[in-house]
Every structure is written in structure tokens, then in C-alpha cells.
file my_file_11.csv (CSV, C-alpha atoms)
chain,number,residue,atom,x,y,z
A,27,MET,CA,-12.1,-25.5,-7.8
A,28,ALA,CA,-12.2,-22.5,-10.2
A,29,GLU,CA,-14.9,-20.9,-8.0
A,30,THR,CA,-12.8,-21.3,-4.9
A,31,LYS,CA,-9.8,-19.6,-6.7
A,32,ARG,CA,-12.1,-16.7,-7.8
A,33,ILE,CA,-13.4,-16.2,-4.2
A,34,PHE,CA,-9.9,-16.4,-2.8
A,35,THR,CA,-8.6,-13.8,-5.3
A,36,PHE,CA,-11.6,-11.5,-4.7
A,37,LEU,CA,-11.1,-11.7,-0.9
A,38,LEU,CA,-7.4,-11.1,-1.2
A,39,ARG,CA,-7.9,-8.1,-3.5
A,40,PHE,CA,-10.7,-6.7,-1.3
A,41,ILE,CA,-8.5,-6.9,1.9
A,42,ALA,CA,-5.6,-5.4,0.0
A,43,PHE,CA,-7.8,-2.5,-1.2
A,44,CYS,CA,-9.1,-2.0,2.4
A,45,THR,CA,-5.5,-1.9,3.8
A,46,THR,CA,-4.2,0.6,1.3
A,47,LEU,CA,-7.2,2.8,1.8
A,48,SER,CA,-6.9,2.5,5.6
A,49,ALA,CA,-3.2,3.4,5.4
A,50,VAL,CA,-4.1,6.6,3.5
A,51,ILE,CA,-6.9,7.6,5.8
A,52,ILE,CA,-4.8,7.0,9.0
A,53,MET,CA,-1.8,8.8,7.7
A,54,VAL,CA,-3.8,11.8,6.3
A,55,SER,CA,-5.6,12.3,9.6
A,56,SER,CA,-2.4,12.2,11.6
A,57,ARG,CA,-1.7,15.6,13.1
A,58,GLN,CA,-1.1,17.0,16.5
A,59,ARG,CA,-0.2,20.4,17.9
A,60,ALA,CA,2.3,20.6,20.7
A,61,THR,CA,4.1,23.3,22.8
A,62,VAL,CA,7.6,23.0,23.9
A,63,LEU,CA,8.7,25.7,26.3
A,64,VAL,CA,7.3,28.8,24.5
A,65,PHE,CA,7.4,27.3,20.9
A,66,SER,CA,4.2,25.9,19.4
A,67,PHE,CA,4.3,23.6,16.4
A,68,GLU,CA,2.0,21.2,14.6
A,69,ALA,CA,3.2,17.8,13.4
A,70,LYS,CA,1.4,16.5,10.3
A,71,TYR,CA,2.1,14.1,7.6
A,72,SER,CA,2.4,16.7,4.8
A,73,ASP,CA,5.5,18.2,6.5
A,74,THR,CA,7.5,15.1,5.4
A,75,PRO,CA,8.0,14.2,1.7
A,76,ALA,CA,8.4,10.5,2.6
A,77,PHE,CA,5.0,10.5,4.3
A,78,LYS,CA,3.5,12.3,1.3
A,79,TYR,CA,5.0,9.7,-1.0
A,80,PHE,CA,3.6,6.9,1.2
A,81,VAL,CA,0.1,8.5,0.9
A,82,ILE,CA,0.3,9.0,-2.8
A,83,VAL,CA,1.4,5.5,-3.5
A,84,ASN,CA,-1.2,4.0,-1.3
A,85,ALA,CA,-3.9,6.2,-2.8
A,86,ILE,CA,-2.9,5.1,-6.4
A,87,VAL,CA,-2.9,1.4,-5.4
A,88,SER,CA,-6.3,2.0,-3.6
A,89,VAL,CA,-7.8,3.5,-6.8
A,90,TYR,CA,-6.5,0.4,-8.8
A,91,GLY,CA,-8.0,-1.9,-6.2
A,92,PHE,CA,-11.3,-0.1,-6.4
A,93,LEU,CA,-11.3,-0.3,-10.2
A,94,VAL,CA,-10.5,-4.1,-10.1
A,95,LEU,CA,-13.3,-4.8,-7.6
A,96,PHE,CA,-16.1,-2.5,-8.6
A,97,LEU,CA,-15.9,-1.5,-12.2
A,98,PRO,CA,-18.6,-3.0,-14.5
A,99,SER,CA,-17.2,-5.8,-16.6
A,100,LYS,CA,-18.6,-4.3,-19.8
A,101,SER,CA,-16.6,-1.0,-19.6
A,102,LEU,CA,-13.5,-0.3,-21.7
A,103,LEU,CA,-11.5,0.6,-18.6
A,104,TRP,CA,-12.3,-2.8,-17.1
A,105,ARG,CA,-11.0,-4.5,-20.3
A,106,LEU,CA,-7.7,-2.6,-20.1
A,107,VAL,CA,-7.3,-3.5,-16.4
A,108,VAL,CA,-8.1,-7.2,-17.2
A,109,ALA,CA,-5.7,-7.2,-20.1
A,110,LEU,CA,-2.8,-6.0,-17.9
A,111,ASP,CA,-3.9,-7.8,-14.7
A,112,ALA,CA,-1.6,-10.7,-13.8
A,113,SER,CA,-4.2,-13.3,-12.9
A,114,ASP,CA,-6.2,-12.6,-16.1
A,115,GLY,CA,-3.5,-11.5,-18.5
A,116,PHE,CA,-0.1,-12.6,-19.7
A,117,PHE,CA,2.2,-11.0,-17.2
A,118,PRO,CA,2.0,-9.8,-13.6
A,119,PHE,CA,2.6,-6.1,-14.6
A,120,PHE,CA,0.4,-4.2,-12.1
A,121,TYR,CA,1.1,-6.4,-9.1
A,122,LYS,CA,4.9,-6.2,-9.7
A,123,VAL,CA,4.8,-2.4,-10.0
A,124,PHE,CA,2.5,-1.9,-7.1
A,125,THR,CA,4.5,-4.3,-4.8
A,126,ILE,CA,7.7,-2.4,-5.7
A,127,LEU,CA,6.0,1.0,-5.1
A,128,LEU,CA,4.4,0.0,-1.8
A,129,THR,CA,7.8,-1.5,-0.6
A,130,SER,CA,9.7,1.7,-1.5
A,131,SER,CA,7.1,4.0,0.1
A,132,ILE,CA,7.0,2.0,3.3
A,133,SER,CA,10.8,1.9,3.5
A,134,ALA,CA,11.0,5.7,3.1
A,135,ALA,CA,8.3,6.3,5.6
A,136,LEU,CA,9.8,3.9,8.1
A,137,ALA,CA,13.1,5.6,7.9
A,138,ILE,CA,11.6,9.0,8.7
A,139,ALA,CA,9.4,7.5,11.5
A,140,TYR,CA,12.5,6.0,13.0
A,141,VAL,CA,14.2,9.4,13.1
A,142,GLY,CA,11.1,10.9,14.6
A,143,GLU,CA,11.1,8.2,17.3
A,144,LYS,CA,14.8,7.9,18.1
A,145,GLY,CA,16.3,11.1,16.6
A,146,ASN,CA,19.8,11.2,15.3
A,147,PRO,CA,22.3,12.6,17.8
A,148,ILE,CA,25.2,12.7,15.3
A,149,ALA,CA,23.2,15.0,13.0
A,150,GLY,CA,21.7,16.9,16.0
A,151,TRP,CA,18.1,15.8,15.3
A,152,LEU,CA,16.1,15.3,18.4
A,153,PRO,CA,13.3,12.8,18.7
A,154,ILE,CA,9.8,14.4,18.5
A,155,CYS,CA,7.6,11.5,19.5
A,156,ASP,CA,7.9,12.4,23.2
A,157,GLN,CA,6.1,15.7,22.4
A,158,VAL,CA,3.6,14.5,19.8
A,159,THR,CA,2.7,10.9,21.0
A,160,LYS,CA,-0.8,10.9,19.3
A,161,TYR,CA,0.7,11.9,16.0
A,162,CYS,CA,3.5,9.2,16.2
A,163,ASN,CA,1.0,6.5,17.2
A,164,GLN,CA,-1.1,7.3,14.2
A,165,VAL,CA,1.9,7.2,11.9
A,166,LYS,CA,2.9,3.8,13.4
A,167,GLY,CA,-0.6,2.6,12.8
A,168,ALA,CA,-0.5,3.7,9.1
A,169,LEU,CA,2.9,2.1,8.7
A,170,ILE,CA,1.7,-1.2,10.2
A,171,VAL,CA,-1.4,-1.2,7.9
A,172,GLY,CA,0.9,-0.3,5.0
A,173,PHE,CA,3.2,-3.2,5.7
A,174,VAL,CA,0.2,-5.5,5.7
A,175,SER,CA,-0.7,-4.2,2.3
A,176,VAL,CA,2.8,-4.9,1.0
A,177,VAL,CA,2.5,-8.5,2.2
A,178,LEU,CA,-0.9,-8.8,0.6
A,179,TYR,CA,0.3,-7.4,-2.8
A,180,MET,CA,3.3,-9.7,-2.6
A,181,LEU,CA,0.9,-12.7,-2.1
A,182,LEU,CA,-1.3,-11.5,-5.0
A,183,PHE,CA,1.9,-11.2,-7.2
A,184,LEU,CA,3.0,-14.7,-6.3
A,185,TYR,CA,-0.4,-16.1,-6.8
A,186,SER,CA,-0.7,-14.4,-10.2
A,187,LEU,CA,2.7,-15.8,-11.2
A,188,HIS,CA,1.6,-19.3,-10.1
A,189,THR,CA,-1.6,-18.8,-12.2
A,190,VAL,CA,0.3,-17.7,-15.3
A,191,LEU,CA,3.2,-20.2,-15.0
A,192,ASN,CA,1.5,-23.3,-13.7
A,193,PRO,CA,0.0,-24.3,-17.1
A,194,LEU,CA,3.3,-23.7,-18.8
A,195,LEU,CA,5.2,-25.8,-16.3
A,196,LEU,CA,2.7,-28.7,-16.6
A,197,GLU,CA,2.7,-28.8,-20.4
A,198,LYS,CA,4.2,-31.9,-21.9
A,199,SER,CA,6.3,-31.6,-25.0

call {"tool": "encode", "arguments": {"input": "my_file_11.csv", "output": "C-alpha cells"}}
result
Amino acid sequence: MAETKRIFTFLLRFIAFCTTLSAVIIMVSSRQRATVLVFSFEAKYSDTPAFKYFVIVNAIVSVYGFLVLFLPSKSLLWRLVVALDASDGFFPFFYKVFTILLTSSISAALAIAYVGEKGNPIAGWLPICDQVTKYCNQVKGALIVGFVSVVLYMLLFLYSLHTVLNPLLLEKS
């Protein structure tokens, strides 16, 4: 049973690492040049602070996922990660923080993507996705993968809470 839990946790962490890394790669590679009438412009993720925040948060979480999965267990950095890691430590610190950061970054990026898709006629902002469809499709893909990573980190957080609290709840006084 303990081996099954370890394999499940490893697979969940590996998939979460892959999704956050994929979200970064897809968002960073999203760019397209378009010409409207005589004006030429390039749409890229770095033009929008919310998309930059999305990339930075997913990159940080990817680095953490890499460290958890691939660091040698004898290193001091691994011991720090294990001491603060929810399933091996006393409190679900990293999963809680990363779940909150991922949720806030996806929310900010979704708000900007919505304005890019639909515009805001009251503010006078026109939708741009009709002119840069490839760019908008890549951003949508990054946001979908980012949402999957939020769900996976939420599952890791809930699983770590279960792992930490289950022995406490089953204790007889």
C-alpha cells in the first residue's frame, strides 16, 4: 500500500511538473505579427504584465517540481524541500503557496485573454483575436494547460493534507 501511494504521488508530481513546464513553453512561444490597414504590430506574451506573471509563476512551480522529482536525496537542498514538503513534512506549505500562486496567475491571464477575445466596448478596447488568431490560440492552449496544473496542485495539496491529518484523526485518546 505504501508503494502504491509513493507511485501515485510521484506520477501526480511528474504530471504537474510537465503541465507547468508546458504552460511556460507554450506561452513564451506565443507571438504573431499582423497588419491592419497600414499598421503592423506584433502580439507577444511579454506585452502583457498578466501573461508575464503567469509565465513567472509557472516557471517557479516548474523549478520546484524539478527539484522534488530529480534532486539526489543526499543533497542539503533535497532535505530542505522534504522538510517543507507537505507529504513528507508537518504542514502543506509549498502546495498551498503554489496552488494560490497558480490560481492567481491563471485568473489574471484569463481576464486579459477575455479582453483580447471579446474586447471591452465601454472602455473602447477592440478585440484583437480576429487579427492574431495563432497568437490567441497559443494563449488559450497555455491557459488550458495552466488550469490543469492548478487542478493537479490542488489534488496534491488535498492529498498531502490527508496524509498529514489522517493519522491524527485516527488516533484514539

call {"tool": "atom_distance", "arguments": {"input": "my_file_11.csv", "atom1": "atom CA of A:Gly142", "atom2": "atom CA of A:Val158"}}
result
9.8 Å

call {"tool": "atom_distance", "arguments": {"input": "my_file_11.csv", "atom1": "atom CA of A:Ile51", "atom2": "atom CA of A:Val176"}}
result
16.5 Å

call {"tool": "closest_atom_pairs", "arguments": {"input": "my_file_11.csv", "of": "stretch 43-76 of chain A", "to": "stretch 177-186 of chain A", "cutoff": "12 Å", "atoms": "all atoms listed in the file", "output": "CSV"}}
result
residue,atom,partner,partner_atom,distance
A:Phe43,CA,A:Leu178,CA,9.5
A:Cys44,CA,A:Leu178,CA,10.8
A:Thr45,CA,A:Leu178,CA,8.9
A:Thr46,CA,A:Leu178,CA,10.0

call {"tool": "closest_residue", "arguments": {"input": "my_file_11.csv", "among": "A:Ser56, A:Thr61, A:Ser88, A:Ser101", "to": "A:Arg39", "atoms": "all atoms listed in the file"}}
result
A:Ser88

call {"tool": "atom_distance", "arguments": {"input": "my_file_11.csv", "atom1": "atom CA of A:Tyr161", "atom2": "atom CA of A:Gln58"}}
result
5.4 Å

call {"tool": "closest_residue", "arguments": {"input": "my_file_11.csv", "among": "A:Leu127, A:Val174, A:Ala135, A:Val165", "to": "A:Lys70", "atoms": "all atoms listed in the file"}}
result
A:Val165

call {"tool": "residues_around", "arguments": {"input": "my_file_11.csv", "residues": "A:Lys144", "least_positions_apart": "4", "cutoff": "8 Å", "atoms": "all atoms listed in the file", "output": "list in words"}}
result
Tyr140, Leu152 and Pro153 of chain A

call {"tool": "write_last_selection", "arguments": {"input": "my_file_11.csv", "atoms": "C-alpha atoms", "output": "CSV table (one decimal), in the coordinates of the input"}}
result
chain,number,residue,atom,x,y,z
A,140,TYR,CA,12.5,6.0,13.0
A,152,LEU,CA,16.1,15.3,18.4
A,153,PRO,CA,13.3,12.8,18.7

call {"tool": "build_atoms", "arguments": {"input": "my_file_11.csv", "residues": "stretch 50-61 of chain A", "atoms": "N, CA and C atoms", "output": "short mmCIF file (atom, residue, chain, number, x, y, z; two decimals), in the coordinates of the input"}}
result
data_model
loop_
_atom_site.label_atom_id
_atom_site.label_comp_id
_atom_site.auth_asym_id
_atom_site.auth_seq_id
_atom_site.Cartn_x
_atom_site.Cartn_y
_atom_site.Cartn_z
N VAL A 50 -3.98 5.19 3.91
CA VAL A 50 -4.10 6.60 3.50
C VAL A 50 -4.91 7.39 4.49
N ILE A 51 -6.04 6.87 4.91
CA ILE A 51 -6.90 7.60 5.80
C ILE A 51 -6.19 7.86 7.17
N ILE A 52 -5.53 6.84 7.68
CA ILE A 52 -4.80 7.00 9.00
C ILE A 52 -3.70 8.01 8.86
N MET A 53 -2.92 7.93 7.79
CA MET A 53 -1.80 8.80 7.70
C MET A 53 -2.26 10.27 7.41
N VAL A 54 -3.27 10.46 6.58
CA VAL A 54 -3.80 11.80 6.30
C VAL A 54 -4.37 12.47 7.51
N SER A 55 -4.97 11.68 8.38
CA SER A 55 -5.60 12.30 9.60
C SER A 55 -4.62 12.42 10.74
N SER A 56 -3.35 12.07 10.54
CA SER A 56 -2.40 12.20 11.60
C SER A 56 -1.87 13.62 11.73
N ARG A 57 -2.20 14.25 12.83
CA ARG A 57 -1.70 15.60 13.10
C ARG A 57 -1.89 15.86 14.60
N GLN A 58 -1.00 16.65 15.12
CA GLN A 58 -1.10 17.00 16.50
C GLN A 58 -0.32 18.32 16.75
N ARG A 59 -0.89 19.19 17.57
CA ARG A 59 -0.20 20.40 17.90
C ARG A 59 0.40 20.25 19.32
N ALA A 60 1.61 20.76 19.45
CA ALA A 60 2.30 20.60 20.70
C ALA A 60 3.06 21.95 21.03
N THR A 61 3.31 22.15 22.31
CA THR A 61 4.10 23.30 22.80
C THR A 61 5.24 22.84 23.59
#
